>>> print(open('protein03.cif').read())   # mmCIF, N, CA and C atoms, pLDDT in the B column; chains and numbers go by the auth columns
data_run
loop_
_atom_site.group_PDB
_atom_site.id
_atom_site.type_symbol
_atom_site.label_atom_id
_atom_site.label_comp_id
_atom_site.label_asym_id
_atom_site.label_seq_id
_atom_site.Cartn_x
_atom_site.Cartn_y
_atom_site.Cartn_z
_atom_site.B_iso_or_equiv
_atom_site.auth_seq_id
_atom_site.auth_asym_id
ATOM 1 N N MET A 1 -67.543 43.256 -42.054 50.00 1 A
ATOM 2 C CA MET A 1 -68.345 42.996 -43.228 50.00 1 A
ATOM 3 C C MET A 1 -67.864 41.690 -43.858 50.00 1 A
ATOM 4 N N ALA A 2 -68.794 40.822 -44.203 52.00 2 A
ATOM 5 C CA ALA A 2 -68.463 39.535 -44.792 52.00 2 A
ATOM 6 C C ALA A 2 -67.910 39.707 -46.199 52.00 2 A
ATOM 7 N N HIS A 3 -67.191 38.745 -46.651 57.00 3 A
ATOM 8 C CA HIS A 3 -66.528 38.816 -47.955 57.00 3 A
ATOM 9 C C HIS A 3 -67.518 38.942 -49.108 57.00 3 A
ATOM 10 N N ASP A 4 -68.603 38.207 -49.063 60.00 4 A
ATOM 11 C CA ASP A 4 -69.563 38.207 -50.167 60.00 4 A
ATOM 12 C C ASP A 4 -70.674 39.234 -50.000 60.00 4 A
ATOM 13 N N GLU A 5 -70.586 40.064 -49.006 62.00 5 A
ATOM 14 C CA GLU A 5 -71.616 41.077 -48.762 62.00 5 A
ATOM 15 C C GLU A 5 -71.557 42.135 -49.864 62.00 5 A
ATOM 16 N N LYS A 6 -72.702 42.418 -50.490 67.00 6 A
ATOM 17 C CA LYS A 6 -72.758 43.390 -51.595 67.00 6 A
ATOM 18 C C LYS A 6 -73.305 44.739 -51.155 67.00 6 A
ATOM 19 N N ASP A 7 -73.901 44.818 -49.968 67.00 7 A
ATOM 20 C CA ASP A 7 -74.485 46.067 -49.497 67.00 7 A
ATOM 21 C C ASP A 7 -73.392 46.944 -48.900 67.00 7 A
ATOM 22 N N GLU A 8 -73.061 48.040 -49.593 68.00 8 A
ATOM 23 C CA GLU A 8 -72.009 48.941 -49.133 68.00 8 A
ATOM 24 C C GLU A 8 -72.571 50.235 -48.556 68.00 8 A
ATOM 25 N N SER A 9 -73.863 50.275 -48.270 71.00 9 A
ATOM 26 C CA SER A 9 -74.487 51.505 -47.801 71.00 9 A
ATOM 27 C C SER A 9 -74.014 51.905 -46.409 71.00 9 A
ATOM 28 N N GLY A 10 -73.536 50.970 -45.618 73.00 10 A
ATOM 29 C CA GLY A 10 -73.089 51.285 -44.272 73.00 10 A
ATOM 30 C C GLY A 10 -71.635 51.681 -44.172 73.00 10 A
ATOM 31 N N LEU A 11 -70.927 51.646 -45.282 79.00 11 A
ATOM 32 C CA LEU A 11 -69.504 51.962 -45.254 79.00 11 A
ATOM 33 C C LEU A 11 -69.275 53.462 -45.410 79.00 11 A
ATOM 34 N N PRO A 12 -68.256 53.989 -44.756 86.00 12 A
ATOM 35 C CA PRO A 12 -67.948 55.410 -44.935 86.00 12 A
ATOM 36 C C PRO A 12 -67.339 55.671 -46.310 86.00 12 A
ATOM 37 N N VAL A 13 -67.453 56.904 -46.748 87.00 13 A
ATOM 38 C CA VAL A 13 -66.883 57.323 -48.032 87.00 13 A
ATOM 39 C C VAL A 13 -65.390 57.561 -47.830 87.00 13 A
ATOM 40 N N VAL A 14 -64.546 57.005 -48.706 93.00 14 A
ATOM 41 C CA VAL A 14 -63.104 57.169 -48.552 93.00 14 A
ATOM 42 C C VAL A 14 -62.455 57.942 -49.697 93.00 14 A
ATOM 43 N N TRP A 15 -63.174 58.149 -50.816 93.00 15 A
ATOM 44 C CA TRP A 15 -62.532 58.784 -51.959 93.00 15 A
ATOM 45 C C TRP A 15 -62.073 60.216 -51.692 93.00 15 A
ATOM 46 N N PRO A 16 -62.753 61.022 -50.843 95.00 16 A
ATOM 47 C CA PRO A 16 -62.224 62.374 -50.618 95.00 16 A
ATOM 48 C C PRO A 16 -60.867 62.363 -49.919 95.00 16 A
ATOM 49 N N PHE A 17 -60.645 61.379 -49.049 96.00 17 A
ATOM 50 C CA PHE A 17 -59.376 61.295 -48.344 96.00 17 A
ATOM 51 C C PHE A 17 -58.251 60.869 -49.288 96.00 17 A
ATOM 52 N N THR A 18 -58.557 59.926 -50.165 96.00 18 A
ATOM 53 C CA THR A 18 -57.568 59.479 -51.143 96.00 18 A
ATOM 54 C C THR A 18 -57.221 60.593 -52.114 96.00 18 A
ATOM 55 N N LEU A 19 -58.234 61.263 -52.645 97.00 19 A
ATOM 56 C CA LEU A 19 -58.000 62.355 -53.583 97.00 19 A
ATOM 57 C C LEU A 19 -57.286 63.523 -52.902 97.00 19 A
ATOM 58 N N GLY A 20 -57.668 63.819 -51.670 97.00 20 A
ATOM 59 C CA GLY A 20 -57.005 64.880 -50.916 97.00 20 A
ATOM 60 C C GLY A 20 -55.541 64.574 -50.690 97.00 20 A
ATOM 61 N N ALA A 21 -55.233 63.333 -50.343 97.00 21 A
ATOM 62 C CA ALA A 21 -53.835 62.941 -50.154 97.00 21 A
ATOM 63 C C ALA A 21 -53.056 63.040 -51.458 97.00 21 A
ATOM 64 N N LEU A 22 -53.688 62.692 -52.576 97.00 22 A
ATOM 65 C CA LEU A 22 -53.012 62.805 -53.870 97.00 22 A
ATOM 66 C C LEU A 22 -52.703 64.262 -54.210 97.00 22 A
ATOM 67 N N PHE A 23 -53.638 65.167 -53.921 97.00 23 A
ATOM 68 C CA PHE A 23 -53.386 66.587 -54.159 97.00 23 A
ATOM 69 C C PHE A 23 -52.252 67.100 -53.275 97.00 23 A
ATOM 70 N N ILE A 24 -52.233 66.701 -52.012 98.00 24 A
ATOM 71 C CA ILE A 24 -51.176 67.149 -51.106 98.00 24 A
ATOM 72 C C ILE A 24 -49.820 66.602 -51.543 98.00 24 A
ATOM 73 N N VAL A 25 -49.770 65.327 -51.855 98.00 25 A
ATOM 74 C CA VAL A 25 -48.506 64.728 -52.295 98.00 25 A
ATOM 75 C C VAL A 25 -48.054 65.345 -53.619 98.00 25 A
ATOM 76 N N GLY A 26 -48.996 65.562 -54.548 97.00 26 A
ATOM 77 C CA GLY A 26 -48.650 66.207 -55.814 97.00 26 A
ATOM 78 C C GLY A 26 -48.104 67.612 -55.605 97.00 26 A
ATOM 79 N N GLY A 27 -48.722 68.366 -54.698 96.00 27 A
ATOM 80 C CA GLY A 27 -48.230 69.706 -54.385 96.00 27 A
ATOM 81 C C GLY A 27 -46.845 69.674 -53.770 96.00 27 A
ATOM 82 N N LEU A 28 -46.599 68.721 -52.882 96.00 28 A
ATOM 83 C CA LEU A 28 -45.279 68.603 -52.270 96.00 28 A
ATOM 84 C C LEU A 28 -44.214 68.198 -53.289 96.00 28 A
ATOM 85 N N ILE A 29 -44.580 67.322 -54.204 96.00 29 A
ATOM 86 C CA ILE A 29 -43.638 66.927 -55.255 96.00 29 A
ATOM 87 C C ILE A 29 -43.314 68.126 -56.137 96.00 29 A
ATOM 88 N N TRP A 30 -44.341 68.892 -56.518 94.00 30 A
ATOM 89 C CA TRP A 30 -44.129 70.083 -57.345 94.00 30 A
ATOM 90 C C TRP A 30 -43.231 71.076 -56.617 94.00 30 A
ATOM 91 N N PHE A 31 -43.428 71.218 -55.312 94.00 31 A
ATOM 92 C CA PHE A 31 -42.633 72.118 -54.483 94.00 31 A
ATOM 93 C C PHE A 31 -41.161 71.718 -54.521 94.00 31 A
ATOM 94 N N GLN A 32 -40.892 70.438 -54.353 94.00 32 A
ATOM 95 C CA GLN A 32 -39.506 69.957 -54.352 94.00 32 A
ATOM 96 C C GLN A 32 -38.875 70.033 -55.741 94.00 32 A
ATOM 97 N N ILE A 33 -39.658 69.722 -56.773 94.00 33 A
ATOM 98 C CA ILE A 33 -39.138 69.814 -58.139 94.00 33 A
ATOM 99 C C ILE A 33 -38.801 71.260 -58.478 94.00 33 A
ATOM 100 N N GLY A 34 -39.587 72.198 -57.962 93.00 34 A
ATOM 101 C CA GLY A 34 -39.305 73.613 -58.191 93.00 34 A
ATOM 102 C C GLY A 34 -37.959 74.020 -57.651 93.00 34 A
ATOM 103 N N PHE A 35 -37.590 73.530 -56.484 92.00 35 A
ATOM 104 C CA PHE A 35 -36.275 73.836 -55.935 92.00 35 A
ATOM 105 C C PHE A 35 -35.167 73.136 -56.716 92.00 35 A
ATOM 106 N N ALA A 36 -35.440 71.938 -57.210 93.00 36 A
ATOM 107 C CA ALA A 36 -34.438 71.245 -58.035 93.00 36 A
ATOM 108 C C ALA A 36 -34.198 72.012 -59.326 93.00 36 A
ATOM 109 N N PHE A 37 -35.265 72.513 -59.952 92.00 37 A
ATOM 110 C CA PHE A 37 -35.099 73.318 -61.165 92.00 37 A
ATOM 111 C C PHE A 37 -34.349 74.605 -60.862 92.00 37 A
ATOM 112 N N GLU A 38 -34.636 75.203 -59.713 90.00 38 A
ATOM 113 C CA GLU A 38 -33.968 76.442 -59.331 90.00 38 A
ATOM 114 C C GLU A 38 -32.469 76.223 -59.135 90.00 38 A
ATOM 115 N N ASP A 39 -32.077 75.051 -58.643 91.00 39 A
ATOM 116 C CA ASP A 39 -30.661 74.746 -58.451 91.00 39 A
ATOM 117 C C ASP A 39 -29.901 74.672 -59.768 91.00 39 A
ATOM 118 N N VAL A 40 -30.577 74.294 -60.849 92.00 40 A
ATOM 119 C CA VAL A 40 -29.906 74.215 -62.147 92.00 40 A
ATOM 120 C C VAL A 40 -30.128 75.478 -62.976 92.00 40 A
ATOM 121 N N GLY A 41 -30.751 76.493 -62.376 90.00 41 A
ATOM 122 C CA GLY A 41 -30.893 77.774 -63.048 90.00 41 A
ATOM 123 C C GLY A 41 -32.142 77.950 -63.882 90.00 41 A
ATOM 124 N N ARG A 42 -33.143 77.106 -63.722 91.00 42 A
ATOM 125 C CA ARG A 42 -34.391 77.224 -64.472 91.00 42 A
ATOM 126 C C ARG A 42 -35.533 77.512 -63.513 91.00 42 A
ATOM 127 N N ASP A 43 -36.621 78.023 -64.048 89.00 43 A
ATOM 128 C CA ASP A 43 -37.814 78.290 -63.236 89.00 43 A
ATOM 129 C C ASP A 43 -38.903 77.299 -63.588 89.00 43 A
ATOM 130 N N LEU A 44 -39.585 76.806 -62.567 86.00 44 A
ATOM 131 C CA LEU A 44 -40.719 75.921 -62.764 86.00 44 A
ATOM 132 C C LEU A 44 -41.991 76.756 -62.728 86.00 44 A
ATOM 133 N N TRP A 45 -42.886 76.523 -63.692 87.00 45 A
ATOM 134 C CA TRP A 45 -44.109 77.290 -63.796 87.00 45 A
ATOM 135 C C TRP A 45 -44.911 77.194 -62.495 87.00 45 A
ATOM 136 N N GLN A 46 -45.285 78.334 -61.943 88.00 46 A
ATOM 137 C CA GLN A 46 -46.111 78.432 -60.733 88.00 46 A
ATOM 138 C C GLN A 46 -45.588 77.541 -59.604 88.00 46 A
ATOM 139 N N HIS A 47 -44.311 77.706 -59.297 89.00 47 A
ATOM 140 C CA HIS A 47 -43.678 76.880 -58.269 89.00 47 A
ATOM 141 C C HIS A 47 -44.474 76.893 -56.965 89.00 47 A
ATOM 142 N N TYR A 48 -44.716 78.051 -56.409 93.00 48 A
ATOM 143 C CA TYR A 48 -45.446 78.136 -55.146 93.00 48 A
ATOM 144 C C TYR A 48 -46.962 78.049 -55.341 93.00 48 A
ATOM 145 N N GLY A 49 -47.461 78.511 -56.463 94.00 49 A
ATOM 146 C CA GLY A 49 -48.899 78.495 -56.713 94.00 49 A
ATOM 147 C C GLY A 49 -49.481 77.098 -56.742 94.00 49 A
ATOM 148 N N VAL A 50 -48.821 76.198 -57.448 94.00 50 A
ATOM 149 C CA VAL A 50 -49.304 74.812 -57.525 94.00 50 A
ATOM 150 C C VAL A 50 -49.188 74.138 -56.160 94.00 50 A
ATOM 151 N N PHE A 51 -48.126 74.440 -55.438 95.00 51 A
ATOM 152 C CA PHE A 51 -47.946 73.876 -54.097 95.00 51 A
ATOM 153 C C PHE A 51 -49.091 74.285 -53.176 95.00 51 A
ATOM 154 N N TRP A 52 -49.383 75.588 -53.109 96.00 52 A
ATOM 155 C CA TRP A 52 -50.459 76.061 -52.231 96.00 52 A
ATOM 156 C C TRP A 52 -51.826 75.572 -52.694 96.00 52 A
ATOM 157 N N PHE A 53 -52.037 75.491 -54.008 97.00 53 A
ATOM 158 C CA PHE A 53 -53.297 74.975 -54.531 97.00 53 A
ATOM 159 C C PHE A 53 -53.490 73.517 -54.119 97.00 53 A
ATOM 160 N N GLY A 54 -52.454 72.692 -54.283 97.00 54 A
ATOM 161 C CA GLY A 54 -52.540 71.285 -53.898 97.00 54 A
ATOM 162 C C GLY A 54 -52.796 71.111 -52.415 97.00 54 A
ATOM 163 N N LEU A 55 -52.110 71.905 -51.592 97.00 55 A
ATOM 164 C CA LEU A 55 -52.323 71.848 -50.154 97.00 55 A
ATOM 165 C C LEU A 55 -53.747 72.256 -49.786 97.00 55 A
ATOM 166 N N PHE A 56 -54.220 73.355 -50.360 98.00 56 A
ATOM 167 C CA PHE A 56 -55.553 73.862 -50.047 98.00 56 A
ATOM 168 C C PHE A 56 -56.645 72.877 -50.467 98.00 56 A
ATOM 169 N N VAL A 57 -56.574 72.410 -51.709 98.00 57 A
ATOM 170 C CA VAL A 57 -57.596 71.482 -52.203 98.00 57 A
ATOM 171 C C VAL A 57 -57.568 70.174 -51.402 98.00 57 A
ATOM 172 N N GLY A 58 -56.375 69.680 -51.093 98.00 58 A
ATOM 173 C CA GLY A 58 -56.267 68.453 -50.303 98.00 58 A
ATOM 174 C C GLY A 58 -56.878 68.589 -48.927 98.00 58 A
ATOM 175 N N ILE A 59 -56.599 69.704 -48.259 98.00 59 A
ATOM 176 C CA ILE A 59 -57.156 69.920 -46.924 98.00 59 A
ATOM 177 C C ILE A 59 -58.669 70.076 -46.982 98.00 59 A
ATOM 178 N N VAL A 60 -59.159 70.795 -47.984 98.00 60 A
ATOM 179 C CA VAL A 60 -60.613 70.971 -48.130 98.00 60 A
ATOM 180 C C VAL A 60 -61.293 69.625 -48.375 98.00 60 A
ATOM 181 N N LEU A 61 -60.711 68.796 -49.230 97.00 61 A
ATOM 182 C CA LEU A 61 -61.300 67.476 -49.491 97.00 61 A
ATOM 183 C C LEU A 61 -61.303 66.604 -48.239 97.00 61 A
ATOM 184 N N ILE A 62 -60.232 66.630 -47.478 97.00 62 A
ATOM 185 C CA ILE A 62 -60.156 65.806 -46.269 97.00 62 A
ATOM 186 C C ILE A 62 -61.158 66.280 -45.221 97.00 62 A
ATOM 187 N N ILE A 63 -61.242 67.584 -45.018 97.00 63 A
ATOM 188 C CA ILE A 63 -62.210 68.117 -44.055 97.00 63 A
ATOM 189 C C ILE A 63 -63.635 67.847 -44.543 97.00 63 A
ATOM 190 N N GLY A 64 -63.873 68.062 -45.832 97.00 64 A
ATOM 191 C CA GLY A 64 -65.203 67.796 -46.392 97.00 64 A
ATOM 192 C C GLY A 64 -65.587 66.332 -46.272 97.00 64 A
ATOM 193 N N GLY A 65 -64.646 65.427 -46.515 96.00 65 A
ATOM 194 C CA GLY A 65 -64.928 64.001 -46.371 96.00 65 A
ATOM 195 C C GLY A 65 -65.234 63.623 -44.932 96.00 65 A
ATOM 196 N N GLY A 66 -64.522 64.238 -43.993 96.00 66 A
ATOM 197 C CA GLY A 66 -64.804 63.978 -42.580 96.00 66 A
ATOM 198 C C GLY A 66 -66.179 64.458 -42.179 96.00 66 A
ATOM 199 N N ILE A 67 -66.550 65.646 -42.647 96.00 67 A
ATOM 200 C CA ILE A 67 -67.878 66.176 -42.349 96.00 67 A
ATOM 201 C C ILE A 67 -68.952 65.296 -42.974 96.00 67 A
ATOM 202 N N TRP A 68 -68.749 64.904 -44.238 94.00 68 A
ATOM 203 C CA TRP A 68 -69.724 64.065 -44.929 94.00 68 A
ATOM 204 C C TRP A 68 -69.923 62.732 -44.203 94.00 68 A
ATOM 205 N N ASN A 69 -68.822 62.085 -43.803 93.00 69 A
ATOM 206 C CA ASN A 69 -68.935 60.800 -43.109 93.00 69 A
ATOM 207 C C ASN A 69 -69.592 60.958 -41.747 93.00 69 A
ATOM 208 N N THR A 70 -69.324 62.070 -41.062 94.00 70 A
ATOM 209 C CA THR A 70 -69.957 62.312 -39.771 94.00 70 A
ATOM 210 C C THR A 70 -71.461 62.481 -39.933 94.00 70 A
ATOM 211 N N VAL A 71 -71.874 63.264 -40.914 94.00 71 A
ATOM 212 C CA VAL A 71 -73.301 63.482 -41.157 94.00 71 A
ATOM 213 C C VAL A 71 -73.984 62.177 -41.557 94.00 71 A
ATOM 214 N N GLN A 72 -73.366 61.417 -42.449 91.00 72 A
ATOM 215 C CA GLN A 72 -73.964 60.142 -42.872 91.00 72 A
ATOM 216 C C GLN A 72 -74.041 59.151 -41.710 91.00 72 A
ATOM 217 N N GLY A 73 -73.021 59.120 -40.872 90.00 73 A
ATOM 218 C CA GLY A 73 -73.037 58.227 -39.710 90.00 73 A
ATOM 219 C C GLY A 73 -74.158 58.581 -38.742 90.00 73 A
ATOM 220 N N ARG A 74 -74.362 59.870 -38.535 92.00 74 A
ATOM 221 C CA ARG A 74 -75.458 60.298 -37.652 92.00 74 A
ATOM 222 C C ARG A 74 -76.807 59.942 -38.257 92.00 74 A
ATOM 223 N N ARG A 75 -76.945 60.077 -39.569 90.00 75 A
ATOM 224 C CA ARG A 75 -78.210 59.708 -40.226 90.00 75 A
ATOM 225 C C ARG A 75 -78.464 58.205 -40.104 90.00 75 A
ATOM 226 N N ARG A 76 -77.411 57.404 -40.278 87.00 76 A
ATOM 227 C CA ARG A 76 -77.576 55.955 -40.164 87.00 76 A
ATOM 228 C C ARG A 76 -77.983 55.554 -38.743 87.00 76 A
ATOM 229 N N ARG A 77 -77.314 56.175 -37.752 87.00 77 A
ATOM 230 C CA ARG A 77 -77.665 55.856 -36.365 87.00 77 A
ATOM 231 C C ARG A 77 -79.092 56.305 -36.031 87.00 77 A
ATOM 232 N N ALA A 78 -79.483 57.453 -36.554 89.00 78 A
ATOM 233 C CA ALA A 78 -80.856 57.929 -36.315 89.00 78 A
ATOM 234 C C ALA A 78 -81.884 57.012 -36.980 89.00 78 A
ATOM 235 N N ALA A 79 -81.546 56.467 -38.146 86.00 79 A
ATOM 236 C CA ALA A 79 -82.466 55.579 -38.856 86.00 79 A
ATOM 237 C C ALA A 79 -82.619 54.236 -38.125 86.00 79 A
ATOM 238 N N LEU A 80 -81.587 53.813 -37.404 84.00 80 A
ATOM 239 C CA LEU A 80 -81.639 52.554 -36.676 84.00 80 A
ATOM 240 C C LEU A 80 -82.450 52.653 -35.394 84.00 80 A
ATOM 241 N N GLN A 81 -82.629 53.851 -34.868 82.00 81 A
ATOM 242 C CA GLN A 81 -83.330 53.994 -33.586 82.00 81 A
ATOM 243 C C GLN A 81 -84.808 54.080 -33.763 82.00 81 A
#
>>> encode(input="protein03.cif", output="structure tokens")
Amino acid sequence: MAHDEKDESGLPVVWPFTLGALFIVGGLIWFQIGFAFEDVGRDLWQHYGVFWFGLFVGIVLIIGGGIWNTVQGRRRRAALQ
């Protein structure tokens, strides 16, 4: 794609992958912080719950983004034929 090109209709969607990665990384950070709090004798609110939620939402967003891009790519190819 050229630098000055303004038509972005042919580009795949990337925000679900970015958001999914942020949820996964956030869940992993919460998981590790929970163990750090446990080492000093404190409990972190929903230690495992937030971890599993972040993992689940991240995976769903990544799979959903892949499906969405696949469907859009097939529609674009069908429109060109």
>>> atom_distance(input="protein03.cif", atom1="CA of Arg75 in chain A", atom2="atom C of Val60 in chain A")
21.2 Å
>>> atom_distance(input="protein03.cif", atom1="CA of Val25 in chain A", atom2="atom C of Gly66 in chain A")
20.4 Å
>>> atom_distance(input="protein03.cif", atom1="CA of Leu28 in chain A", atom2="atom C of Gly58 in chain A")
12.1 Å
>>> resolve_selection(input="protein03.cif", expression="the PyMOL selection byres ((chain A and resi 47-51) around 6.5)", output="JSON, numbers by chain")
{"A": [26, 27, 28, 30, 31, 34, 44, 45, 46, 52, 53, 54, 55, 56]}
>>> resolve_selection(input="protein03.cif", expression="the PyMOL selection byres ((chain A and resi 13) around 7)", output="compact mmCIF listing (two decimals) with N, CA and C atoms, keeping the file's coordinate frame")
# COMPACT_ATOMS: atom_id res chain seq x y z
N LEU A 11 -70.93 51.65 -45.28
CA LEU A 11 -69.50 51.96 -45.25
C LEU A 11 -69.28 53.46 -45.41
N PRO A 12 -68.26 53.99 -44.76
CA PRO A 12 -67.95 55.41 -44.94
C PRO A 12 -67.34 55.67 -46.31
N VAL A 14 -64.55 57.00 -48.71
CA VAL A 14 -63.10 57.17 -48.55
C VAL A 14 -62.46 57.94 -49.70
N TRP A 15 -63.17 58.15 -50.82
CA TRP A 15 -62.53 58.78 -51.96
C TRP A 15 -62.07 60.22 -51.69
N PRO A 16 -62.75 61.02 -50.84
CA PRO A 16 -62.22 62.37 -50.62
C PRO A 16 -60.87 62.36 -49.92
N PHE A 17 -60.64 61.38 -49.05
CA PHE A 17 -59.38 61.30 -48.34
C PHE A 17 -58.25 60.87 -49.29
N GLY A 65 -64.65 65.43 -46.52
CA GLY A 65 -64.93 64.00 -46.37
C GLY A 65 -65.23 63.62 -44.93
N TRP A 68 -68.75 64.90 -44.24
CA TRP A 68 -69.72 64.06 -44.93
C TRP A 68 -69.92 62.73 -44.20
N ASN A 69 -68.82 62.08 -43.80
CA ASN A 69 -68.94 60.80 -43.11
C ASN A 69 -69.59 60.96 -41.75
>>> residues_around(input="protein03.cif", residues="Arg76 in chain A", least_positions_apart="3", cutoff="12 Å", atoms="only C-alpha atoms", output="ChimeraX atom specification")
/A:9-12,69-73,79-81
>>> closest_residue(input="protein03.cif", among="A:Ala78, A:Ile63, A:Ala36, A:Val57", to="Ile24 in chain A", atoms="only C-alpha atoms")
A:Val57
>>> select_by_dssp(input="protein03.cif", residues="chain A", states="helix (DSSP H, G or I)", output="number ranges by chain")
A: 15-39, 47-80
>>> closest_residue(input="protein03.cif", among="A:Asp39, A:Ile33, A:Arg77, A:Gly20", to="Ile59 in chain A", atoms="all atoms listed in the file")
A:Gly20
>>> axis_aligned_box(input="protein03.cif", around="range 28-31 of chain A", padding_each_side="4 Å", output="lines of an AutoDock Vina configuration file")
center_x = -43.9
center_y = 69.5
center_z = -54.8
size_x = 13.4
size_y = 13.2
size_z = 13.1
